[in-house]
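**Q** Below you'll find target-v2.cif; it's mmCIF, C-alpha atoms.
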```
data_entry
loop_
_atom_site.group_PDB
_atom_site.id
_atom_site.type_symbol
_atom_site.label_atom_id
_atom_site.label_comp_id
_atom_site.auth_asym_id
_atom_site.auth_seq_id
_atom_site.Cartn_x
_atom_site.Cartn_y
_atom_site.Cartn_z
ATOM 1 C CA MET A 12 -2.633 6.113 -5.453
ATOM 2 C CA MET A 13 -6.301 6.392 -6.373
ATOM 3 C CA PHE A 14 -5.376 5.942 -10.037
ATOM 4 C CA LEU A 15 -4.006 2.511 -9.118
ATOM 5 C CA LEU A 16 -7.303 1.285 -7.633
ATOM 6 C CA PRO A 17 -8.363 -0.565 -10.815
ATOM 7 C CA LEU A 18 -4.990 -2.334 -10.876
ATOM 8 C CA PHE A 19 -5.320 -3.141 -7.167
ATOM 9 C CA ALA A 20 -8.811 -4.603 -7.724
ATOM 10 C CA TRP A 21 -7.681 -6.509 -10.822
ATOM 11 C CA LEU A 22 -4.819 -8.084 -8.859
ATOM 12 C CA LEU A 23 -7.242 -8.991 -6.060
ATOM 13 C CA GLN A 24 -9.526 -10.611 -8.608
ATOM 14 C CA GLY A 25 -6.587 -12.555 -10.039
ATOM 15 C CA MET A 26 -5.297 -13.695 -6.660
ATOM 16 C CA PHE A 27 -8.726 -14.766 -5.420
ATOM 17 C CA ARG A 28 -10.315 -15.912 -8.680
ATOM 18 C CA LYS A 29 -11.839 -19.020 -7.079
ATOM 19 C CA ALA A 30 -14.019 -16.783 -4.915
ATOM 20 C CA LYS A 31 -16.106 -16.011 -8.048
ATOM 21 C CA PHE A 32 -16.840 -12.461 -6.887
ATOM 22 C CA PRO A 33 -17.730 -9.845 -9.487
ATOM 23 C CA TYR A 34 -14.971 -7.334 -10.259
ATOM 24 C CA MET A 35 -16.830 -4.518 -8.475
ATOM 25 C CA TRP A 36 -16.716 -6.422 -5.168
ATOM 26 C CA HIS A 37 -12.933 -6.564 -5.480
ATOM 27 C CA PHE A 38 -12.960 -2.872 -6.403
ATOM 28 C CA VAL A 39 -14.971 -1.975 -3.285
ATOM 29 C CA HIS A 40 -12.564 -3.950 -1.132
ATOM 30 C CA ALA A 41 -9.651 -2.183 -2.832
ATOM 31 C CA ILE A 42 -11.269 1.168 -2.017
ATOM 32 C CA HIS A 43 -11.666 0.074 1.606
ATOM 33 C CA LEU A 44 -8.029 -1.003 1.987
ATOM 34 C CA ASN A 45 -6.707 2.136 0.294
ATOM 35 C CA THR A 46 -8.935 4.364 2.410
ATOM 36 C CA VAL A 47 -7.654 2.777 5.614
ATOM 37 C CA PHE A 48 -4.095 3.229 4.331
ATOM 38 C CA LEU A 49 -4.650 6.896 3.459
ATOM 39 C CA ILE A 50 -6.327 7.639 6.795
ATOM 40 C CA LEU A 51 -3.523 5.998 8.784
ATOM 41 C CA ILE A 52 -0.557 7.241 6.712
ATOM 42 C CA PRO A 53 0.015 10.325 8.935
ATOM 43 C CA ILE A 54 0.867 8.068 11.907
ATOM 44 C CA PRO A 55 4.584 7.748 10.971
ATOM 45 C CA LEU A 56 4.736 11.553 10.886
ATOM 46 C CA VAL A 57 3.628 11.973 14.517
ATOM 47 C CA PRO A 58 7.185 11.895 15.973
ATOM 48 C CA VAL A 59 8.289 14.466 13.411
ATOM 49 C CA LEU A 60 5.323 16.775 13.936
ATOM 50 C CA THR A 61 5.423 16.633 17.738
ATOM 51 C CA SER A 62 9.130 17.422 18.099
ATOM 52 C CA ASP A 63 10.384 20.917 18.893
ATOM 53 C CA THR A 64 12.470 21.055 15.769
ATOM 54 C CA PHE A 65 12.348 18.990 12.633
ATOM 55 C CA MET A 66 15.919 17.664 12.951
ATOM 56 C CA GLU A 67 15.494 16.766 16.634
ATOM 57 C CA SER A 68 12.934 14.145 15.638
ATOM 58 C CA PHE A 69 15.575 12.237 13.691
ATOM 59 C CA LYS A 70 17.822 11.687 16.708
ATOM 60 C CA GLY A 71 17.757 8.011 17.445
ATOM 61 C CA ASN A 72 15.619 5.933 15.122
ATOM 62 C CA MET A 73 12.141 6.877 16.273
ATOM 63 C CA PRO A 74 10.764 7.700 12.796
ATOM 64 C CA MET A 75 12.158 4.405 11.445
ATOM 65 C CA TYR A 76 10.519 2.397 14.235
ATOM 66 C CA THR A 77 7.258 4.229 13.714
ATOM 67 C CA LEU A 78 7.404 3.499 9.987
ATOM 68 C CA LEU A 79 8.171 -0.174 10.652
ATOM 69 C CA ILE A 80 5.235 -0.421 13.053
ATOM 70 C CA PHE A 81 2.982 1.284 10.488
ATOM 71 C CA VAL A 82 4.000 -1.044 7.636
ATOM 72 C CA THR A 83 3.626 -4.110 9.861
ATOM 73 C CA GLY A 84 0.237 -2.917 11.085
ATOM 74 C CA MET A 85 -0.998 -2.299 7.546
ATOM 75 C CA PHE A 86 0.201 -5.750 6.472
ATOM 76 C CA VAL A 87 -1.606 -7.390 9.397
ATOM 77 C CA TYR A 88 -4.761 -5.379 8.683
ATOM 78 C CA THR A 89 -4.663 -6.338 4.992
ATOM 79 C CA TYR A 90 -4.016 -9.964 5.916
ATOM 80 C CA ILE A 91 -6.971 -10.149 8.310
ATOM 81 C CA SER A 92 -9.190 -8.245 5.866
ATOM 82 C CA LEU A 93 -8.394 -10.603 2.983
ATOM 83 C CA HIS A 94 -8.949 -13.623 5.233
ATOM 84 C CA THR A 95 -12.309 -12.249 6.382
ATOM 85 C CA VAL A 96 -13.582 -11.296 2.923
ATOM 86 C CA TYR A 97 -12.345 -14.254 0.867
ATOM 87 C CA ARG A 98 -12.699 -16.936 3.566
ATOM 88 C CA ARG A 99 -9.515 -18.873 2.836
ATOM 89 C CA GLY A 100 -7.210 -20.558 5.344
ATOM 90 C CA TRP A 101 -4.792 -18.476 7.376
ATOM 91 C CA ILE A 102 -1.634 -19.860 5.784
ATOM 92 C CA ARG A 103 -2.999 -19.657 2.248
ATOM 93 C CA THR A 104 -4.169 -16.092 2.867
ATOM 94 C CA PHE A 105 -0.771 -15.152 4.328
ATOM 95 C CA VAL A 106 1.034 -16.398 1.232
ATOM 96 C CA LYS A 107 -1.448 -14.699 -1.095
ATOM 97 C CA THR A 108 -1.245 -11.440 0.854
ATOM 98 C CA THR A 109 2.542 -11.451 0.728
ATOM 99 C CA VAL A 110 2.647 -12.209 -3.005
ATOM 100 C CA PHE A 111 -0.149 -9.744 -3.744
ATOM 101 C CA LEU A 112 1.485 -6.855 -1.880
ATOM 102 C CA ALA A 113 4.901 -7.629 -3.384
ATOM 103 C CA ILE A 114 3.490 -7.624 -6.932
ATOM 104 C CA PHE A 115 1.452 -4.474 -6.340
ATOM 105 C CA THR A 116 4.394 -2.655 -4.764
ATOM 106 C CA PHE A 117 6.693 -3.649 -7.631
ATOM 107 C CA ILE A 118 4.213 -2.551 -10.312
ATOM 108 C CA SER A 119 3.533 0.713 -8.444
ATOM 109 C CA LEU A 120 7.243 1.479 -8.186
ATOM 110 C CA VAL A 121 7.771 0.743 -11.881
ATOM 111 C CA ILE A 122 4.877 3.037 -12.825
ATOM 112 C CA ALA A 123 6.205 5.774 -10.516
ATOM 113 C CA ALA A 124 9.723 5.427 -11.960
ATOM 114 C CA VAL A 125 8.461 5.626 -15.550
ATOM 115 C CA LEU A 126 6.350 8.686 -14.755
ATOM 116 C CA LEU A 127 9.276 10.339 -12.974
ATOM 117 C CA ILE A 128 11.585 9.676 -15.911
ATOM 118 C CA MET A 129 8.977 11.067 -18.308
ATOM 119 C CA LEU A 130 8.603 14.173 -16.142
ATOM 120 C CA LEU A 131 12.345 14.734 -15.885
ATOM 121 C CA SER A 132 12.832 14.236 -19.618
ATOM 122 C CA SER A 133 10.075 16.715 -20.427
ATOM 123 C CA LEU A 134 11.581 19.223 -17.986
ATOM 124 C CA SER A 135 15.045 18.799 -19.475
ATOM 125 C CA GLU A 136 13.677 19.460 -22.965
ATOM 126 C CA THR A 137 12.116 22.726 -21.852
ATOM 127 C CA LEU A 138 15.357 24.010 -20.289
#
```
Turn this file's structure into structure tokens for me.

**A**
Amino acid sequence: MMFLLPLFAWLLQGMFRKAKFPYMWHFVHAIHLNTVFLILIPIPLVPVLTSDTFMESFKGNMPMYTLLIFVTGMFVYTYISLHTVYRRGWIRTFVKTTVFLAIFTFISLVIAAVLLIMLLSSLSETL
């Protein structure tokens, strides 16, 4: 994820180009958002880690609800953070946040898929 920070900052700069901030300001904000994400990512694992057995934690949908709350919380935090830093209207920031996170998620998944395919192909050649 840290290797994607320049891409994250570049997308921020593209989405909020009228703010006229230098690239490094976007990069610092990208570091901040990714740090918050990495610090809070263990939260969806709390129901799994606190259960008596690993499989018991998957009874019901507790991990799914926890994950949904986590993703929603991170979206709201990113939304408020972008509104605070770039000083745009709430609706405009909401649209930009949604588009920004969708584009970043798509690009990240494509990069992960390509790297996984490259890894699997290199492993299959060695076998």

**Q** Between CA of Trp21 in chain A and CA of Tyr34 in chain A, what is the spacing in Å?

**A**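 Result for CA of Tyr34 in chain A versus CA of Trp21 in chain A: 7.4 Å, one decimal.
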
**Q** What does the PyMOL selection byres ((chain A and resi 19) around 12) select in this file, as a VMD selection string?

**A** chain A and resid 12 to 18 20 to 26 34 to 35 37 to 45 111 to 116 118 to 119

**Q** Distance CA of Ala30 in chain A-CA of Val82 in chain A, one decimal place?

**A**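 Atom-to-atom, CA of Ala30 in chain A and CA of Val82 in chain A are spaced 27.0 Å apart.
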
**Q** So which one's closest to Leu93 in chain A, A:Ile50, A:Val106, A:Val125, A:Leu79? Using only C-alpha atoms, please.

**A**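 Answer, going by the shortest atom-to-atom distance: A:Val106.
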
**Q** Under the rule that all atoms listed in the file are counted, which of A:Val110, A:Leu130, A:Ile102, A:Leu49 is the nearest residue to Phe81 in chain A?

**A**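 When distances to Phe81 in chain A are compared using all atoms listed in the file, the smallest one comes from A:Leu49.
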
**Q** Starting from 3 Å padding per side, set up an axis-aligned box that covers all listed atoms of range 94-103 of chain A and hand over centre and edge lengths in Å, one decimal, as JSON.

**A**
```
{"center_x": -7.6, "center_y": -15.9, "center_z": 4.1, "size_x": 17.9, "size_y": 15.3, "size_z": 12.5}
```

**Q** Report, in Å with one decimal, the straight-line distance from CA of His94 in chain A to CA of Thr46 in chain A.

**A**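 Taking CA of His94 in chain A as the start and CA of Thr46 in chain A as the end point, the length is 18.2 Å.
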
**Q** Name the closest residue to Met75 in chain A among the candidates A:Val87, A:Pro55, A:Phe105, A:Ser92; distances are taken between atoms, counting all atoms listed in the file.

**A** A:Pro55

**Q** Considering only C-alpha atoms, state which residue in the set A:Phe32, A:Phe27, A:Phe117, A:Tyr88 is at the smallest distance from Arg103 in chain A.

**A**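 The shortest atom-to-atom distance to Arg103 in chain A comes from A:Phe27.
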